[in-house]
Every structure is written in structure tokens, then in C-alpha cells.
>>> print(open('coords_23.txt').read())   # compact mmCIF, C-alpha atoms
# COMPACT_ATOMS: atom_id res chain seq x y z
CA MET A 1423 -16.09 -82.04 29.07
CA ILE A 1424 -13.85 -80.87 31.92
CA GLY A 1425 -10.75 -81.29 29.74
CA PHE A 1426 -12.39 -79.42 26.86
CA SER A 1427 -13.30 -76.55 29.21
CA LEU A 1428 -9.72 -76.33 30.44
CA VAL A 1429 -8.47 -76.14 26.87
CA LEU A 1430 -10.89 -73.29 26.13
CA VAL A 1431 -9.74 -71.40 29.23
CA ALA A 1432 -6.11 -71.95 28.31
CA CYS A 1433 -6.70 -70.64 24.79
CA ALA A 1434 -8.62 -67.56 25.85
CA PRO A 1435 -6.56 -64.36 25.87
CA LYS A 1436 -5.24 -63.30 29.23
CA GLN A 1437 -7.00 -60.29 30.75
CA VAL A 1438 -4.48 -57.51 31.40
CA SER A 1439 -5.25 -54.14 32.99
CA LYS A 1440 -3.16 -51.02 32.40
CA ASN A 1441 -3.26 -47.82 34.44
CA CYS A 1442 -2.03 -44.37 33.37
CA ASP A 1443 -2.68 -42.51 36.61
CA LEU A 1444 -0.13 -39.99 37.82
CA SER A 1445 -0.73 -39.08 41.43
CA SER A 1446 -0.09 -35.43 42.17
CA SER A 1447 -1.50 -33.11 44.78
CA PRO A 1448 -3.16 -30.14 43.07
CA ILE A 1449 -2.38 -26.69 44.37
CA GLU A 1450 -5.18 -25.57 46.63
CA GLY A 1451 -6.42 -22.00 46.95
CA LEU A 1452 -3.75 -19.32 46.98
CA ALA A 1453 -4.69 -17.82 50.35
CA SER A 1454 -3.68 -19.74 53.46
CA LYS A 1455 -6.71 -20.83 55.44
CA SER A 1456 -5.23 -22.88 58.28
CA ASN A 1457 -2.25 -22.03 60.44
CA PRO A 1458 -1.33 -18.41 61.19
CA ILE A 1459 1.28 -16.96 58.83
CA GLN A 1460 4.34 -15.22 60.25
CA PRO A 1461 5.60 -12.49 57.88
CA ILE A 1462 9.32 -11.72 58.31
CA VAL A 1463 10.79 -8.67 56.56
CA GLN A 1464 14.60 -8.44 56.27
CA ILE A 1465 16.03 -5.21 54.88
CA ASP A 1466 19.52 -4.83 53.46
CA GLY A 1467 21.01 -2.18 55.76
CA THR A 1468 24.27 -1.58 53.88
CA PRO A 1469 25.31 1.85 52.56
CA SER A 1470 24.59 0.81 48.95
CA MET A 1471 20.87 1.02 49.74
CA GLN A 1472 20.94 4.57 51.13
CA GLY A 1473 20.60 6.19 47.72
CA PHE A 1474 17.06 4.79 47.43
CA VAL A 1475 15.86 6.84 50.43
CA ASN A 1476 17.80 10.02 49.59
CA VAL A 1477 15.05 10.74 47.05
CA PRO A 1478 11.79 11.68 48.84
CA ASP A 1479 8.86 9.36 48.16
CA SER A 1480 10.94 7.18 45.83
CA ARG A 1481 9.52 3.94 44.47
CA TYR A 1482 11.70 2.12 47.00
CA ILE A 1483 10.12 4.03 49.91
CA ARG A 1484 6.62 3.42 48.58
CA THR A 1485 7.40 -0.27 48.17
CA LEU A 1486 8.54 -0.50 51.80
CA ARG A 1487 5.23 1.02 52.88
CA LEU A 1488 3.37 -1.47 50.76
CA ILE A 1489 5.14 -4.59 52.05
CA GLU A 1490 3.73 -4.52 55.57
CA THR A 1491 0.16 -3.87 54.41
CA ALA A 1492 0.34 -6.63 51.80
CA ALA A 1493 1.97 -9.15 54.17
CA ILE A 1494 -0.82 -8.71 56.72
CA THR A 1495 -3.82 -8.49 54.40
CA ALA A 1496 -2.81 -11.30 52.01
CA PHE A 1497 -3.80 -13.96 54.56
CA GLU A 1498 -6.86 -14.71 56.62
CA ASN A 1499 -4.73 -15.32 59.69
CA SER A 1500 -1.54 -13.22 59.81
CA LEU A 1501 0.69 -12.44 62.78
CA ALA A 1502 2.40 -9.07 63.28
CA VAL A 1503 5.36 -8.52 60.95
CA LYS A 1504 8.82 -9.20 62.39
CA TYR A 1505 11.61 -6.93 61.09
CA TYR A 1506 15.35 -7.51 60.73
CA SER A 1507 18.21 -5.63 59.11
CA PHE A 1508 21.13 -7.58 57.68
CA GLY A 1509 24.65 -7.13 56.36
CA THR A 1510 27.33 -9.52 57.58
CA LYS A 1511 24.92 -10.30 60.42
CA ARG A 1512 21.16 -10.35 60.90
CA ILE A 1513 19.86 -8.08 63.67
CA PRO A 1514 16.24 -7.90 64.91
CA LEU A 1515 14.53 -4.52 64.83
CA PRO A 1516 11.74 -3.21 67.07
CA ASN A 1517 8.47 -4.00 65.30
CA GLU A 1518 6.99 -0.60 65.99
CA ARG A 1519 7.90 1.89 63.28
CA SER A 1520 10.52 -0.46 61.74
CA SER A 1521 9.19 0.24 58.26
CA LEU A 1522 9.42 3.98 58.89
CA ILE A 1523 12.97 3.69 60.25
CA ALA A 1524 14.09 1.93 57.05
CA GLN A 1525 12.80 4.90 55.03
CA SER A 1526 15.40 7.18 56.65
CA PRO A 1527 19.03 7.62 55.41
CA SER A 1528 20.33 7.05 58.96
CA PHE A 1529 19.22 3.41 58.72
CA TYR A 1530 21.92 2.77 56.11
CA THR A 1531 24.85 4.66 57.62
CA SER A 1532 28.05 2.63 57.81
CA ARG A 1533 28.08 0.32 60.82
CA GLU A 1534 30.45 -2.63 61.29
CA PRO A 1535 27.89 -5.43 60.77
CA PHE A 1536 26.55 -3.72 57.63
CA LEU A 1537 29.66 -3.05 55.57
CA ASP A 1538 28.75 -5.92 53.22
CA ALA A 1539 25.40 -7.51 52.34
CA GLN A 1540 25.73 -11.27 52.78
CA ILE A 1541 22.35 -12.42 51.51
CA ASP A 1542 22.98 -16.01 52.56
CA LYS A 1543 22.88 -14.78 56.19
CA ALA A 1544 19.32 -13.57 55.64
CA LEU A 1545 18.42 -16.97 54.15
CA GLU A 1546 19.29 -18.89 57.30
CA SER A 1547 16.06 -20.26 58.70
CA LEU A 1548 14.55 -18.56 61.74
CA ASN A 1549 12.21 -21.48 62.33
CA ASN A 1550 12.05 -25.12 61.29
CA ASN A 1551 8.55 -24.69 59.86
CA ASN A 1552 9.07 -22.46 56.84
CA HIS A 1553 5.65 -23.45 55.48
CA ASP A 1554 4.03 -21.12 58.02
CA HIS A 1555 6.53 -18.32 57.46
CA LEU A 1556 6.73 -15.76 54.69
CA SER A 1557 10.21 -14.30 54.49
CA ILE A 1558 10.62 -11.07 52.48
CA ILE A 1559 14.19 -9.94 51.81
CA VAL A 1560 14.75 -6.43 50.40
CA THR A 1561 18.14 -5.97 48.68
CA ASP A 1562 19.87 -4.67 45.54
CA LEU A 1563 21.31 -8.19 44.87
CA TYR A 1564 24.85 -6.96 44.14
CA GLN A 1565 26.97 -10.14 44.44
CA LYS A 1566 30.28 -11.57 43.32
CA ASP A 1567 30.44 -15.02 41.69
CA GLY A 1568 31.29 -16.80 44.94
CA GLU A 1569 28.49 -15.00 46.80
CA THR A 1570 26.03 -15.83 44.02
CA ALA A 1571 26.90 -19.52 44.29
CA ARG A 1572 26.40 -19.49 48.07
CA VAL A 1573 23.02 -17.77 47.79
CA ILE A 1574 21.79 -20.19 45.12
CA GLU A 1575 22.95 -23.17 47.18
CA SER A 1576 21.19 -21.81 50.28
CA LEU A 1577 17.96 -21.24 48.36
CA LYS A 1578 18.16 -24.76 46.95
CA VAL A 1579 18.82 -26.45 50.28
CA ASN A 1580 16.44 -24.43 52.46
CA TYR A 1581 13.57 -23.93 50.02
CA LEU A 1582 13.54 -25.68 46.61
CA LYS A 1583 14.53 -29.10 48.02
CA LYS A 1584 11.75 -28.77 50.64
CA ASP A 1585 9.01 -28.08 48.05
CA LEU A 1586 9.01 -24.39 48.99
CA ALA A 1587 9.00 -21.47 46.58
CA VAL A 1588 11.45 -18.68 45.80
CA GLY A 1589 9.68 -15.56 44.57
CA ILE A 1590 11.31 -12.43 43.12
CA LEU A 1591 9.73 -9.02 42.60
CA ALA A 1592 12.02 -6.82 40.46
CA VAL A 1593 11.62 -3.04 40.83
CA ARG A 1594 13.50 0.02 39.57
CA SER A 1595 13.54 3.13 41.74
CA GLU A 1596 14.84 6.67 41.89
CA PHE A 1597 18.33 6.76 43.43
CA ASP A 1598 20.84 9.37 44.61
CA GLY A 1599 23.89 7.90 46.29
CA ILE A 1600 26.85 5.56 46.00
CA VAL A 1601 26.74 2.02 44.62
CA TYR A 1602 29.37 -0.15 46.32
CA ASP A 1603 31.01 -3.52 45.58
CA VAL A 1604 30.93 -3.26 41.79
CA GLY A 1605 33.18 -5.58 39.77
CA LEU A 1606 36.03 -7.83 40.75
CA VAL A 1607 37.89 -5.15 42.73
CA ASP A 1608 34.88 -3.75 44.63
CA ASN A 1609 34.70 -0.39 42.93
CA SER A 1610 32.18 2.22 44.04
CA PHE A 1611 30.35 4.75 41.87
CA GLU A 1612 28.17 7.75 42.53
CA TYR A 1613 24.85 7.42 40.74
CA LEU A 1614 21.95 9.85 40.30
CA THR A 1615 18.84 8.88 38.37
CA LYS A 1616 16.97 11.26 36.11
CA PRO A 1617 13.51 12.34 37.34
CA ASN A 1618 10.64 10.83 35.39
CA ASN A 1619 13.02 8.64 33.39
CA PRO A 1620 12.47 5.03 34.60
CA GLU A 1621 15.14 3.69 32.23
CA THR A 1622 17.76 5.34 34.47
CA PHE A 1623 16.28 4.04 37.75
CA HIS A 1624 18.36 1.71 39.93
CA PRO A 1625 17.03 -1.85 40.50
CA PHE A 1626 16.22 -3.49 43.82
CA TYR A 1627 14.50 -6.79 44.52
CA LEU A 1628 12.19 -8.53 46.94
CA LEU A 1629 13.10 -12.17 47.56
CA VAL A 1630 9.89 -13.75 48.85
CA LEU A 1631 10.30 -17.20 50.40
CA GLY A 1632 7.77 -19.71 51.69
CA SER A 1633 5.12 -22.11 50.44
CA TYR A 1634 3.96 -21.50 46.88
CA GLU A 1635 0.47 -20.62 48.08
CA ASN A 1636 1.77 -18.00 50.50
CA VAL A 1637 4.22 -16.43 48.05
CA ALA A 1638 1.57 -16.24 45.31
CA SER A 1639 -0.99 -14.75 47.70
CA PHE A 1640 1.50 -12.08 48.77
CA PHE A 1641 2.27 -11.30 45.11
CA ASP A 1642 -1.45 -11.03 44.34
CA ARG A 1643 -1.87 -8.45 47.09
CA MET A 1644 1.30 -6.51 46.16
CA LYS A 1645 0.23 -6.29 42.52
CA ALA A 1646 -3.29 -5.11 43.36
CA ALA A 1647 -2.20 -2.64 46.05
CA SER A 1648 0.58 -1.19 43.88
CA GLN A 1649 -2.03 0.48 41.70
CA LYS A 1650 -3.11 2.70 44.60
CA GLN A 1651 0.51 3.69 45.35
CA GLY A 1652 1.26 4.68 41.76
CA LEU A 1653 3.74 1.82 41.48
CA ASN A 1654 1.65 -0.20 39.01
CA PHE A 1655 3.68 -3.43 39.19
CA SER A 1656 3.23 -5.42 35.99
CA ASP A 1657 2.94 -9.21 35.70
CA ASN A 1658 6.43 -9.68 34.29
CA GLN A 1659 8.02 -8.10 37.38
CA PHE A 1660 6.92 -11.13 39.44
CA VAL A 1661 8.66 -14.51 39.16
CA ILE A 1662 8.34 -17.66 41.28
CA PHE A 1663 10.79 -20.57 41.13
CA TYR A 1664 9.00 -23.74 42.21
CA SER A 1665 9.28 -27.45 41.39
CA LYS A 1666 5.59 -27.91 40.52
CA LEU A 1667 4.72 -26.02 37.36
CA VAL A 1668 1.13 -26.96 36.58
CA GLN A 1669 -2.14 -26.97 38.51
CA THR A 1670 -3.04 -30.56 37.55
CA PRO A 1671 -0.99 -33.27 35.78
CA LEU A 1672 -1.00 -33.32 31.99
CA ILE A 1673 -2.93 -36.26 30.53
CA LEU A 1674 -4.25 -37.25 27.14
CA ASN A 1675 -7.90 -36.58 26.45
CA ILE A 1676 -9.14 -39.12 23.90
CA LYS A 1677 -12.70 -38.17 22.94
CA GLU A 1678 -13.27 -40.16 19.72
CA ASP A 1679 -13.19 -43.95 19.99
CA ASN A 1680 -13.55 -44.69 16.27
CA LEU A 1681 -10.98 -42.44 14.64
CA THR A 1682 -9.22 -43.45 11.40
CA LEU A 1683 -5.99 -41.72 10.45
CA LYS A 1684 -3.40 -42.38 7.79
CA GLY A 1685 -1.75 -45.66 8.69
CA MET A 1686 -3.61 -45.93 12.02
CA ARG A 1687 -6.97 -46.86 13.46
CA ARG A 1688 -8.15 -46.20 17.00
CA LEU A 1689 -9.48 -49.24 18.88
CA LEU A 1690 -11.87 -49.63 21.79
CA THR A 1691 -9.56 -52.26 23.25
CA VAL A 1692 -6.63 -54.40 22.12
CA ASN A 1693 -6.86 -58.18 21.74
CA ASP A 1694 -4.15 -60.00 19.79
CA GLY A 1695 -5.29 -63.47 20.85
CA ASN A 1696 -2.73 -63.70 23.64
CA VAL A 1697 -3.76 -60.74 25.77
CA MET A 1698 -6.86 -58.59 26.04
CA VAL A 1699 -5.83 -55.23 27.47
CA SER A 1700 -8.27 -53.03 29.33
CA MET A 1701 -7.78 -49.53 30.78
CA GLN A 1702 -9.37 -48.00 33.84
CA ASN A 1703 -10.01 -44.82 31.85
CA ARG A 1704 -9.88 -45.04 28.07
CA GLU A 1705 -9.81 -41.24 27.73
CA THR A 1706 -6.31 -41.02 29.20
CA THR A 1707 -4.77 -43.76 27.03
CA GLU A 1708 -4.31 -43.76 23.28
CA ARG A 1709 -5.23 -47.14 21.66
CA LEU A 1710 -4.06 -47.59 18.09
CA MET A 1711 -3.61 -50.33 15.52
CA LEU A 1712 -0.85 -49.45 13.07
CA LYS A 1713 -1.84 -50.49 9.58
CA ASP A 1714 0.52 -51.76 6.89
CA GLU A 1715 0.55 -48.79 4.54
CA VAL A 1716 3.25 -47.02 2.56
CA GLY A 1717 5.30 -44.71 4.74
CA ARG A 1718 7.92 -45.20 7.42
CA GLU A 1719 6.41 -43.27 10.32
CA ARG A 1720 2.95 -42.89 11.82
CA THR A 1721 2.26 -39.46 13.35
CA ILE A 1722 -0.74 -38.13 15.28
CA ASN A 1723 -1.31 -34.63 16.71
CA TYR A 1724 -2.65 -33.95 20.20
CA GLN A 1725 -3.76 -31.04 22.35
CA VAL A 1726 -4.14 -31.38 26.11
CA SER A 1727 -5.24 -29.02 28.87
CA TYR A 1728 -2.34 -27.00 30.28
CA GLU A 1729 -3.02 -24.97 33.45
CA GLU A 1730 0.07 -22.98 34.38
CA LEU A 1731 0.48 -21.86 37.96
CA PRO A 1732 0.54 -18.05 38.30
CA TYR A 1733 3.94 -16.29 38.36
CA LEU A 1734 5.97 -19.37 37.41
CA LEU A 1735 8.46 -19.26 34.55
CA PRO A 1736 6.89 -20.54 31.32
CA VAL A 1737 8.23 -23.78 29.87
CA ASN A 1738 9.72 -23.23 26.41
CA ASN A 1739 10.73 -26.83 25.71
CA PHE A 1740 9.75 -30.29 26.93
CA SER A 1741 11.26 -33.75 27.09
CA ALA A 1742 9.74 -37.21 27.51
CA THR A 1743 11.10 -40.13 29.51
CA VAL A 1744 9.54 -43.27 28.01
CA VAL A 1745 9.15 -46.72 29.58
CA THR A 1746 8.24 -49.39 27.00
CA GLU A 1747 6.67 -52.80 27.62
CA TYR A 1748 6.20 -55.31 24.81
CA ASN A 1749 4.18 -58.50 24.26
CA ASN A 1750 4.37 -60.85 21.28
CA ASN A 1751 3.09 -64.43 21.23
CA SER A 1752 3.08 -64.30 25.01
CA ARG A 1753 0.58 -63.81 27.79
CA ASN A 1754 2.69 -61.27 29.65
CA PHE A 1755 4.27 -57.89 29.00
CA ALA A 1756 8.01 -57.47 29.51
CA LYS A 1757 10.28 -54.42 29.56
CA TYR A 1758 11.53 -53.54 26.09
CA ASN A 1759 15.04 -52.17 25.67
CA GLY A 1760 15.46 -51.45 22.01
CA ASN A 1761 15.36 -48.65 19.50
CA GLN A 1762 13.41 -45.50 20.22
CA LEU A 1763 10.03 -46.45 18.83
CA ILE A 1764 8.09 -43.36 19.93
CA LYS A 1765 9.09 -39.71 19.68
CA PHE A 1766 7.49 -36.39 20.64
CA ASN A 1767 7.83 -33.27 18.50
CA ASP A 1768 6.41 -29.81 17.81
CA TRP A 1769 5.78 -28.76 21.42
CA GLN A 1770 3.75 -25.53 21.63
CA ILE A 1771 1.77 -23.81 24.34
CA GLN A 1772 -1.24 -21.88 23.07
CA GLU A 1773 -3.41 -20.21 25.69
CA ASN A 1774 -4.44 -23.04 28.05
CA GLU A 1775 -3.44 -25.94 25.82
CA LEU A 1776 -0.27 -27.89 25.08
CA LEU A 1777 0.03 -28.95 21.44
CA PHE A 1778 2.44 -31.67 20.29
CA SER A 1779 2.81 -34.58 17.89
CA THR A 1780 3.60 -38.22 18.62
CA MET A 1781 5.47 -40.27 16.04
CA PHE A 1782 5.67 -44.10 15.98
CA ASN A 1783 8.65 -45.59 14.18
CA TYR A 1784 6.64 -48.23 12.31
CA ASN A 1785 9.46 -49.95 10.40
CA ASP A 1786 11.52 -50.56 13.57
CA MET A 1787 8.58 -52.07 15.44
CA ASP A 1788 8.12 -55.84 15.55
CA LYS A 1789 4.65 -57.33 15.41
CA GLY A 1790 2.94 -57.39 18.79
CA VAL A 1791 1.44 -55.14 21.45
CA TYR A 1792 3.36 -52.21 22.95
CA TRP A 1793 2.66 -50.19 26.08
CA PHE A 1794 4.39 -46.79 26.11
CA SER A 1795 4.30 -44.72 29.30
CA ALA A 1796 5.86 -41.30 28.74
CA GLU A 1797 6.55 -38.92 31.63
CA ILE A 1798 6.78 -35.29 30.51
CA PHE A 1799 9.39 -32.96 31.99
CA PRO A 1800 10.31 -29.32 31.39
CA GLN A 1801 13.57 -29.16 29.46
CA ALA A 1802 14.01 -25.37 29.58
CA LEU A 1803 12.29 -22.40 31.20
CA GLU A 1804 12.00 -18.84 29.93
CA LEU A 1805 13.25 -15.99 32.09
CA PRO A 1806 11.63 -12.53 31.81
CA GLU A 1807 13.27 -9.93 29.57
CA TRP A 1808 14.54 -7.84 32.49
CA SER A 1809 16.78 -10.71 33.62
CA SER A 1810 19.16 -9.94 30.73
CA GLN A 1811 18.31 -6.27 30.16
CA TRP A 1812 19.13 -5.36 33.78
CA ASN A 1813 22.26 -7.52 33.99
CA LEU A 1814 25.67 -5.87 34.51
CA LYS A 1815 28.49 -8.21 33.44
CA GLU A 1816 31.77 -8.44 35.34
CA LYS A 1817 33.90 -6.66 32.70
CA GLU A 1818 31.16 -4.27 31.59
CA SER A 1819 31.40 -0.54 32.34
CA PHE A 1820 29.30 0.52 35.31
CA ASN A 1821 25.67 1.28 34.56
CA GLY A 1822 23.49 2.20 37.53
CA SER A 1823 20.32 1.04 35.79
CA LYS A 1824 21.60 -2.54 35.95
CA THR A 1825 22.43 -5.15 38.61
CA TYR A 1826 25.84 -6.77 38.91
CA ASN A 1827 25.73 -10.53 38.15
CA LEU A 1828 21.93 -10.66 37.90
CA SER A 1829 21.83 -13.15 35.00
CA PRO A 1830 24.13 -15.74 36.64
CA PHE A 1831 21.96 -15.57 39.76
CA LEU A 1832 18.68 -16.13 37.91
CA ASP A 1833 20.21 -18.73 35.56
CA GLY A 1834 21.47 -20.63 38.61
CA LEU A 1835 18.06 -20.53 40.27
CA MET A 1836 16.42 -21.77 37.08
CA ALA A 1837 18.93 -24.63 36.74
CA SER A 1838 18.39 -25.60 40.41
CA THR A 1839 14.62 -25.64 39.87
CA LEU A 1840 14.91 -27.95 36.85
CA GLN A 1841 17.35 -30.14 38.77
CA GLN A 1842 14.92 -30.54 41.68
CA ILE A 1843 12.08 -31.48 39.32
CA LYS A 1844 14.24 -34.28 37.90
CA LEU A 1845 15.65 -35.45 41.24
CA LYS A 1846 12.21 -35.61 42.83
CA ASN A 1847 10.75 -37.22 39.72
CA GLN A 1848 7.97 -34.65 39.53
CA PRO A 1849 6.89 -34.79 35.86
CA LEU A 1850 4.36 -32.37 34.43
CA GLY A 1851 2.23 -35.29 33.34
CA ARG A 1852 2.08 -38.76 31.80
CA PHE A 1853 0.99 -39.81 28.32
CA CYS A 1854 0.17 -43.47 27.71
CA TYR A 1855 -0.15 -45.38 24.44
CA LEU A 1856 -1.35 -48.93 23.76
CA ILE A 1857 -0.15 -49.81 20.26
CA TYR A 1858 -0.92 -52.98 18.27
CA LYS A 1859 1.07 -53.89 15.18
CA PRO A 1860 -0.54 -57.03 13.69
>>> encode(input="coords_23.txt", output="C-alpha cells")
Amino acid sequence: MIGFSLVLVACAPKQVSKNCDLSSSPIEGLASKSNPIQPIVQIDGTPSMQGFVNVPDSRYIRTLRLIETAAITAFENSLAVKYYSFGTKRIPLPNERSSLIAQSPSFYTSREPFLDAQIDKALESLNNNNHDHLSIIVTDLYQKDGETARVIESLKVNYLKKDLAVGILAVRSEFDGIVYDVGLVDNSFEYLTKPNNPETFHPFYLLVLGSYENVASFFDRMKAASQKQGLNFSDNQFVIFYSKLVQTPLILNIKEDNLTLKGMRRLLTVNDGNVMVSMQNRETTERLMLKDEVGRERTINYQVSYEELPYLLPVNNFSATVVTEYNNNSRNFAKYNGNQLIKFNDWQIQENELLFSTMFNYNDMDKGVYWFSAEIFPQALELPEWSSQWNLKEKESFNGSKTYNLSPFLDGLMASTLQQIKLKNQPLGRFCYLIYKP
């Protein structure tokens, strides 16, 4: 009897448990509720910026007024704003009336430290704890290739690599002055915008740096308050570069246990006589038996919840990194290094859902049980239209309604963001499939 019992135990399929969890900290509320936030405003004090304040009550002047109010009221616990001007150096300003001083042409008169705007100087950290700081840099972003590369590298090292965010608010304003440092030989041009013709307005930008929650909260307040100032900032003027793109990880949501599709049948569990596989949560794992029917491939369509974080660049293409384990006539799964047996196609985002199809390469699959764990990454992001429309190329004739080397700067930031997502292995989600081919 003892020997017979041992034989029965030995013949019973081995119990195997599979888990498809992807740990990720969801983004909490947008407003900071803990430590006090230190807003830091750094204003480009070079002569190229003077034309913005030569026009009374320009959009630039109204934006400066708005920054201090928004920086203080966006948070439950905000310290007084600290002001700096920068050029080749960064110089602290007296907090009292600093915003008013920057609205005067005398603020931008030629002084030795302000002959050139070196934005990377303004990016140097003022404190080791950037999570409790909100740095707002006001500049026209005119940069040569080498300067662009330095700024992107500084943003990557000091912010993106530290899970901090880089926000950009793009604004066009009335302008009457000289634009310096244009092109490879540093040309300068006089430029005067046409009243009530925004297409002729000269661009400037707010670089907003800090934790994602703080940057997004500041943007929320700027957008709402701009309506009262007649600025009416639209959603597409705000962009945040950040390595976490979704509120919660993407997972499958399997609602029907007994679903029959062409060449496939959904199972409650998988038992091939060698292993009996169970899942901690069947809703997050697809469980299919592939039937022997005419046709090379087996395809199934899915839709999963997709909660984008506000202000982030939309994903316009995805990729999947798949780990495959295989079991056949064995009581254990082993890594499988063979042909690509599973593919993902037809990615689409519609409202708050991600639609895609999963294809199983039936004819290349041996009989047995497969476990596919696919981590989903953004393959490309979509920049707003103004990133190309406002770009002035190196060999292009001067146009004061555009920004020199804007596209290379934004393209570099986007590439750095995608790079950090890969390096930190921060996928958007994980899709798991338990597949049985008898």
C-alpha cells in the first residue's frame, strides 16, 4: 500500500504556480502634501530677452507675473520664491520685487556675466534634494549644437536619471528688439512682431524641473490662472519628459473563462499530465489551448486600461521584450531560446484603452506548455506640432517667430527619456500567456 501510494504521488502532475505581477509605485496626488516646496525662478538676463519687455504688457511680462503666483499657490506648503538671473554665471537677486525688476528693459542691458545665455549653468543643482525644489528657468532657448548637447546631458544626469521630471511650457510673445546668437556665426537680427498677429510672435520657454508631481501641479495652476491673464495657455503648450508614462502598469484583463476562438480555447487552468499550472490572479494571465486547425497562426485581440499621466508625450508605438519558458514531458519549466513564437501587432490608443493583437506562431511551436512573459516598452513618443513648426534650422533664413535648434533639443530630450526607461527597466506593463499545444 505504501509503495502504491508513492507511485500515485510520483505520477500526479507537479503543482506549479506562475505570477504576472509587475511592481510599480503609482503616482500619488499631483499636489505635494508633505515637505515644503522651494520654488526657484531663474531668468535669462541676456540682451536677447530685452525685446520681450520693450512691448508694454506683453505676453512675456504677463507670464512673469503669473509664475510667482502659480509657484506659491500650486502647493499646500510653499516657501517664498528665490530669484536668480543667469548668463555665463548665475547670480542671486533680492526676492523683493525681483519679478518686477525682470519686467524692465534695464534688467537685460549688456553686462559681462550676461553676454551669453549658458543654460547648463542654470541647471546646476542648488541643493542635493531636488525632489523638494521646483526650478523654473525662463529663456528663449537659442543654442548652438554643442550647447544643446550640454544642456541635454545636464538634464539627463541631474533630473531624468534621478526619476525627476523635465517640463516645458512653450509661449509666443510680442517682441521689439534684437535677437542675438543666430546661426553658426552668431548673427544678430532686429525683430518686431505685428500687433494682434500671434503667428509673428517670438517664442520663449519655461523649463520646469523637479518631481513629476510638483511639475504637474505647477502646470495645472499655470494653465488655470492663465485664463484670468488673457494668456489662455492650451494643453499642447505643456510637455513633461519623465520616465514613468502611465498611472498604473498595463495588465491583461481576462473576463471570460470559457471563450472559444478560431484555433484556440481558453482554459481555467493548464494540466498536461506533467505539470498543473495555477495563477495567483487568472484575470491577468491569458490561458489558451491551441487547437489543431487549418491555418498557420493563431491571433487574438485585446484591449487593456491605459491611464496616461497628464502632460506627458503620447506613445505612438510600442515594443515587447518577451521571456519564454517551455515544458514538455517534464515536471519543470526551462528557458526557451528559439524562434519568435509570439508577436504583438496593431497597437492603438483609443481614449483610455490600449488595443493590440497577439499572434502565436502555431507551426513553429512544439507540443508542450509555454509561459510567455512580455514586458511592454514605448518605442517612440510623439512631440507636439510646435516642436517642428517653431524650429529654425542652422542654414535656414532668420525667422523671428521660430527658435534656433529647437527640434534637436526636444528630439534629444525625447531620446534621453526613452533611454532612461530602458536602462532602468521601467516597462509600461507586463502581459502574460500560458499556452498549451497538445
>>> closest_residue(input="coords_23.txt", among="A:Asn1754, A:Asn1675, A:Gln1848, A:Asn1636", to="Pro1458 of chain A", atoms="only C-alpha atoms")
A:Asn1636
>>> closest_atom_pairs(input="coords_23.txt", of="segment 1640-1735 of chain A", to="segment 1578-1598 of chain A", cutoff="8 Å", atoms="all atoms listed in the file", output="JSON lines")
{"residue": "A:Gln1659", "atom": "CA", "partner": "A:Ala1592", "partner_atom": "CA", "distance": 5.2}
{"residue": "A:Phe1660", "atom": "CA", "partner": "A:Leu1591", "partner_atom": "CA", "distance": 4.7}
{"residue": "A:Val1661", "atom": "CA", "partner": "A:Ile1590", "partner_atom": "CA", "distance": 5.2}
{"residue": "A:Ile1662", "atom": "CA", "partner": "A:Gly1589", "partner_atom": "CA", "distance": 4.1}
{"residue": "A:Phe1663", "atom": "CA", "partner": "A:Val1588", "partner_atom": "CA", "distance": 5.1}
{"residue": "A:Tyr1664", "atom": "CA", "partner": "A:Ala1587", "partner_atom": "CA", "distance": 4.9}
{"residue": "A:Ser1665", "atom": "CA", "partner": "A:Asp1585", "partner_atom": "CA", "distance": 6.7}
>>> atom_distance(input="coords_23.txt", atom1="atom CA of Lys1645 of chain A", atom2="atom CA of Glu1498 of chain A")
17.9 Å
>>> closest_residue(input="coords_23.txt", among="A:Lys1859, A:Arg1484, A:Lys1824, A:Lys1757", to="Lys1789 of chain A", atoms="all atoms listed in the file")
A:Lys1859
>>> closest_residue(input="coords_23.txt", among="A:Thr1825, A:Asn1749, A:Thr1468, A:Ser1809", to="Tyr1792 of chain A", atoms="all atoms listed in the file")
A:Asn1749
>>> closest_residue(input="coords_23.txt", among="A:Tyr1724, A:Phe1755, A:Tyr1855, A:Trp1793", to="Gln1437 of chain A", atoms="all atoms listed in the file")
A:Phe1755
>>> closest_residue(input="coords_23.txt", among="A:Met1686, A:Val1601, A:Ala1502, A:Leu1631", to="Ser1557 of chain A", atoms="all atoms listed in the file")
A:Leu1631
>>> closest_residue(input="coords_23.txt", among="A:Ala1796, A:Ala1756, A:Val1560, A:Leu1776", to="Pro1625 of chain A", atoms="all atoms listed in the file")
A:Val1560
